[in-house]
$ cat model.pdb   # PDB, C-alpha atoms and all ligand atoms
ATOM      1  CA  MET K   1     -52.644 -55.006  43.551
ATOM      2  CA  SER K   2     -54.543 -58.227  43.829
ATOM      3  CA  TYR K   3     -57.950 -58.986  42.384
ATOM      4  CA  HIS K   4     -60.971 -58.285  44.591
ATOM      5  CA  PRO K   5     -64.261 -59.225  42.904
ATOM      6  CA  GLY K   6     -66.633 -56.283  42.933
ATOM      7  CA  HIS K   7     -64.056 -53.869  44.369
ATOM      8  CA  ALA K   8     -61.260 -54.344  41.887
ATOM      9  CA  THR K   9     -60.661 -50.722  40.987
ATOM     10  CA  SER K  10     -62.105 -48.631  43.800
ATOM     11  CA  GLY K  11     -60.973 -50.329  47.015
ATOM     12  CA  LEU K  12     -64.191 -49.019  48.516
ATOM     13  CA  ARG K  13     -67.261 -50.880  49.682
ATOM     14  CA  TRP K  14     -70.504 -50.177  51.465
ATOM     15  CA  ARG K  15     -71.787 -52.057  54.502
ATOM     16  CA  GLU K  16     -75.113 -51.465  56.183
ATOM     17  CA  ASP K  17     -73.770 -51.474  59.757
ATOM     18  CA  VAL K  18     -70.493 -49.572  59.172
ATOM     19  CA  GLY K  19     -70.975 -47.419  56.097
ATOM     20  CA  ILE K  20     -68.196 -46.782  53.589
ATOM     21  CA  GLU K  21     -65.090 -48.906  54.073
ATOM     22  CA  LYS K  22     -61.754 -48.658  52.328
ATOM     23  CA  ARG K  23     -59.219 -51.391  51.781
ATOM     24  CA  CYS K  24     -55.642 -50.864  53.001
ATOM     25  CA  ASP K  25     -53.291 -52.214  50.360
ATOM     26  CA  SER K  26     -50.332 -52.220  52.766
ATOM     27  CA  CYS K  27     -51.922 -54.373  55.449
ATOM     28  CA  PRO K  28     -50.878 -58.028  55.391
ATOM     29  CA  LYS K  29     -52.673 -59.817  52.529
ATOM     30  CA  GLY K  30     -54.249 -56.473  51.538
ATOM     31  CA  MET K  31     -57.549 -57.763  52.870
ATOM     32  CA  CYS K  32     -58.099 -55.250  55.688
ATOM     33  CA  TRP K  33     -61.152 -53.053  55.259
ATOM     34  CA  TRP K  34     -61.468 -50.098  57.615
ATOM     35  CA  PRO K  35     -64.319 -47.623  58.065
ATOM     36  CA  LEU K  36     -63.570 -44.296  56.438
ATOM     37  CA  THR K  37     -63.082 -42.390  59.709
ATOM     38  CA  GLU K  38     -60.240 -40.500  61.405
ATOM     39  CA  ASP K  39     -59.759 -43.483  63.736
ATOM     40  CA  PHE K  40     -58.470 -45.647  60.912
ATOM     41  CA  TRP K  41     -57.241 -43.174  58.266
ATOM     42  CA  SER K  42     -55.227 -40.006  58.606
ATOM     43  CA  PHE K  43     -57.040 -37.453  56.481
ATOM     44  CA  ARG K  44     -53.833 -35.431  56.137
ATOM     45  CA  SER K  45     -52.045 -38.299  54.416
ATOM     46  CA  SER K  46     -53.226 -40.091  51.347
ATOM     47  CA  PHE K  47     -55.624 -43.006  51.700
ATOM     48  CA  VAL K  48     -53.036 -45.503  50.486
ATOM     49  CA  LYS K  49     -52.170 -46.807  53.952
ATOM     50  CA  CYS K  50     -54.191 -47.072  57.157
ATOM     51  CA  ARG K  51     -52.995 -45.515  60.419
ATOM     52  CA  ALA K  52     -51.542 -48.821  61.665
ATOM     53  CA  CYS K  53     -49.411 -49.184  58.514
ATOM     54  CA  TYR K  54     -48.149 -45.598  58.801
ATOM     55  CA  ALA K  55     -47.375 -46.174  62.491
ATOM     56  CA  LYS K  56     -45.440 -49.316  61.619
ATOM     57  CA  ILE K  57     -43.281 -47.393  59.120
ATOM     58  CA  LYS K  58     -42.847 -44.468  61.519
ATOM     59  CA  ASN K  59     -41.830 -46.705  64.431
ATOM     60  CA  ALA K  60     -39.329 -48.595  62.274
ATOM     61  CA  ALA K  61     -37.798 -45.303  61.099
ATOM     62  CA  ASN K  62     -37.640 -44.031  64.676
ATOM     63  CA  ALA K  63     -35.973 -47.232  65.879
ATOM     64  CA  ARG K  64     -33.416 -46.981  63.059
ATOM     65  CA  HIS K  65     -32.790 -43.310  63.944
ATOM     66  CA  LEU K  66     -32.178 -44.212  67.591
ATOM     67  CA  ARG K  67     -29.912 -47.096  66.606
ATOM     68  CA  GLU K  68     -27.752 -44.936  64.356
ATOM     69  CA  ASN K  69     -27.744 -41.630  66.265
ATOM     70  CA  GLU K  70     -25.906 -41.744  69.592
ATOM     71  CA  ILE K  71     -27.122 -38.320  70.819
ATOM     72  CA  ALA K  72     -30.742 -39.134  70.024
ATOM     73  CA  ARG K  73     -30.380 -42.489  71.781
ATOM     74  CA  LEU K  74     -29.048 -40.830  74.961
ATOM     75  CA  ALA K  75     -31.804 -38.201  74.852
ATOM     76  CA  ASN K  76     -34.341 -40.997  74.494
ATOM     77  CA  LEU K  77     -32.844 -42.805  77.495
ATOM     78  CA  ASP K  78     -33.312 -39.627  79.534
ATOM     79  CA  TYR K  79     -36.893 -39.399  78.302
ATOM     80  CA  GLN K  80     -37.533 -43.056  79.204
ATOM     81  CA  ARG K  81     -36.104 -42.543  82.702
ATOM     82  CA  GLN K  82     -38.323 -39.497  83.275
ATOM     83  CA  TYR K  83     -41.407 -41.233  81.856
ATOM     84  CA  ARG K  84     -40.812 -44.313  84.023
ATOM     85  CA  ALA K  85     -40.441 -42.166  87.150
ATOM     86  CA  GLU K  86     -43.664 -40.273  86.436
ATOM     87  CA  THR K  87     -45.744 -43.337  85.575
ATOM     88  CA  THR K  88     -44.391 -45.237  88.578
ATOM     89  CA  GLY K  89     -45.483 -42.361  90.827
ATOM     90  CA  VAL K  90     -48.961 -42.282  89.310
ATOM     91  CA  ARG K  91     -49.291 -46.065  89.621
ATOM     92  CA  ARG K  92     -48.167 -45.944  93.258
ATOM     93  CA  VAL K  93     -50.786 -43.309  94.136
ATOM     94  CA  LYS K  94     -53.500 -45.346  92.379
ATOM     95  CA  ASN K  95     -52.447 -48.558  94.139
ATOM     96  CA  GLN K  96     -52.412 -46.855  97.528
ATOM     97  CA  ALA K  97     -55.898 -45.456  96.934
ATOM     98  CA  ALA K  98     -57.141 -48.913  95.940
ATOM     99  CA  TYR K  99     -55.506 -50.452  99.003
ATOM    100  CA  TRP K 100     -56.999 -47.995 101.476
ATOM    101  CA  ALA K 101     -60.437 -48.312  99.900
ATOM    102  CA  ASP K 102     -60.536 -51.917 101.207
ATOM    103  CA  PRO K 103     -57.401 -52.892 103.172
ATOM    104  CA  GLU K 104     -58.820 -56.172 104.486
ATOM    105  CA  ARG K 105     -59.256 -57.560 100.958
ATOM    106  CA  TYR K 106     -55.557 -56.937 100.207
ATOM    107  CA  ARG K 107     -54.456 -58.398 103.550
ATOM    108  CA  ALA K 108     -56.547 -61.506 102.936
ATOM    109  CA  ALA K 109     -55.015 -61.870  99.460
ATOM    110  CA  ALA K 110     -51.513 -61.489 100.935
ATOM    111  CA  ARG K 111     -52.280 -64.139 103.579
ATOM    112  CA  ALA K 112     -53.634 -66.503 100.929
ATOM    113  CA  ARG K 113     -50.567 -65.913  98.754
ATOM    114  CA  TYR K 114     -48.284 -66.617 101.718
ATOM    115  CA  TYR K 115     -49.961 -69.895 102.600
ATOM    116  CA  ARG K 116     -50.021 -70.926  98.933
ATOM    117  CA  ASN K 117     -46.225 -70.440  98.678
ATOM    118  CA  ARG K 118     -45.321 -71.108 102.319
ATOM    119  CA  ASP K 119     -43.073 -74.125 101.742
ATOM    120  CA  ARG K 120     -41.074 -72.411  99.015
ATOM    121  CA  LEU K 121     -40.739 -69.179 101.007
ATOM    122  CA  LEU K 122     -39.569 -70.963 104.170
ATOM    123  CA  GLU K 123     -37.109 -73.043 102.173
ATOM    124  CA  ARG K 124     -35.610 -69.891 100.654
ATOM    125  CA  LYS K 125     -35.509 -68.196 104.050
ATOM    126  CA  ARG K 126     -33.642 -71.164 105.567
ATOM    127  CA  ALA K 127     -31.171 -71.208 102.683
ATOM    128  CA  LEU K 128     -30.477 -67.486 103.162
ATOM    129  CA  TYR K 129     -30.129 -68.014 106.920
ATOM    130  CA  TRP K 130     -27.572 -70.783 106.499
ATOM    131  CA  ALA K 131     -25.706 -68.885 103.798
ATOM    132  CA  ASP K 132     -25.467 -65.952 106.210
ATOM    133  CA  LYS K 133     -24.293 -68.278 109.029
ATOM    134  CA  GLY K 134     -21.693 -69.761 106.730
ATOM    135  CA  ALA K 135     -20.440 -66.323 105.746
ATOM    136  CA  ALA K 136     -20.189 -65.224 109.387
ATOM    137  CA  ALA K 137     -18.235 -68.312 110.480
TER     138      ALA K 137
HETATM  139 ZN    ZN Q 201     -52.921 -50.987  56.746
END
$ encode --input "model.pdb" --output "structure tokens"
Amino acid sequence: MSYHPGHATSGLRWREDVGIEKRCDSCPKGMCWWPLTEDFWSFRSSFVKCRACYAKIKNAANARHLRENEIARLANLDYQRQYRAETTGVRRVKNQAAYWADPERYRAAARARYYRNRDRLLERKRALYWADKGAAA
């Protein structure tokens, strides 16, 4: 543990705007002070590490578990596939609602995007056309 003038032994300090703060000794440089609330500290664990430090350890352990355990890795792939499908569906519904709230704004943006990239798009279209012609001949 490094030397912190005025807080050397406790790792606690008082600030008028925040209240009691505690230093996390595991954070980089050990200079992170977090308010003593559930947002920053898990009250079920000790107050040695903040939530971010525990999450870092937990995520590293989980990644190692998935790397070393084939069955867990496959189960996680299934979970990822399902999660992606669900979130994609939710995002699509949200995007459609936003579109139909003001369709003309989206059409204007699409037109602007087309004219911004018109030369590149037409060039690509011509290349595909001639590639297709070449394949047919
Ligand atoms: Zn920390």
$ closest_residue --input "model.pdb" --among "K:Gly11, K:Phe47, K:Cys53, K:Glu21" --to "ligand ZN 201 (chain Q)" --atoms "all atoms listed in the file"
K:Cys53
$ closest_atom_pairs --input "model.pdb" --of "chain K" --to "ligand ZN 201 (chain Q)" --cutoff "8 Å" --atoms "all atoms listed in the file" --output "CSV"
residue,atom,partner,partner_atom,distance
K:Cys24,CA,Q:ZN201,ZN,4.6
K:Asp25,CA,Q:ZN201,ZN,6.5
K:Ser26,CA,Q:ZN201,ZN,4.9
K:Cys27,CA,Q:ZN201,ZN,3.8
K:Pro28,CA,Q:ZN201,ZN,7.5
K:Gly30,CA,Q:ZN201,ZN,7.7
K:Cys32,CA,Q:ZN201,ZN,6.8
K:Lys49,CA,Q:ZN201,ZN,5.1
K:Cys50,CA,Q:ZN201,ZN,4.1
K:Arg51,CA,Q:ZN201,ZN,6.6
K:Ala52,CA,Q:ZN201,ZN,5.5
K:Cys53,CA,Q:ZN201,ZN,4.3
K:Tyr54,CA,Q:ZN201,ZN,7.5
$ atom_distance --input "model.pdb" --atom1 "CA of Arg23 in chain K" --atom2 "CA of Val48 in chain K"
8.6 Å
$ atom_distance --input "model.pdb" --atom1 "CA of Val90 in chain K" --atom2 "CA of Lys56 in chain K"
28.8 Å
$ atom_distance --input "model.pdb" --atom1 "CA of Leu36 in chain K" --atom2 "CA of Ala55 in chain K"
17.4 Å
$ closest_residue --input "model.pdb" --among "K:Pro35, K:Ala136, K:Ala108, K:Arg73" --to "Asp17 in chain K" --atoms "all atoms listed in the file"
K:Pro35
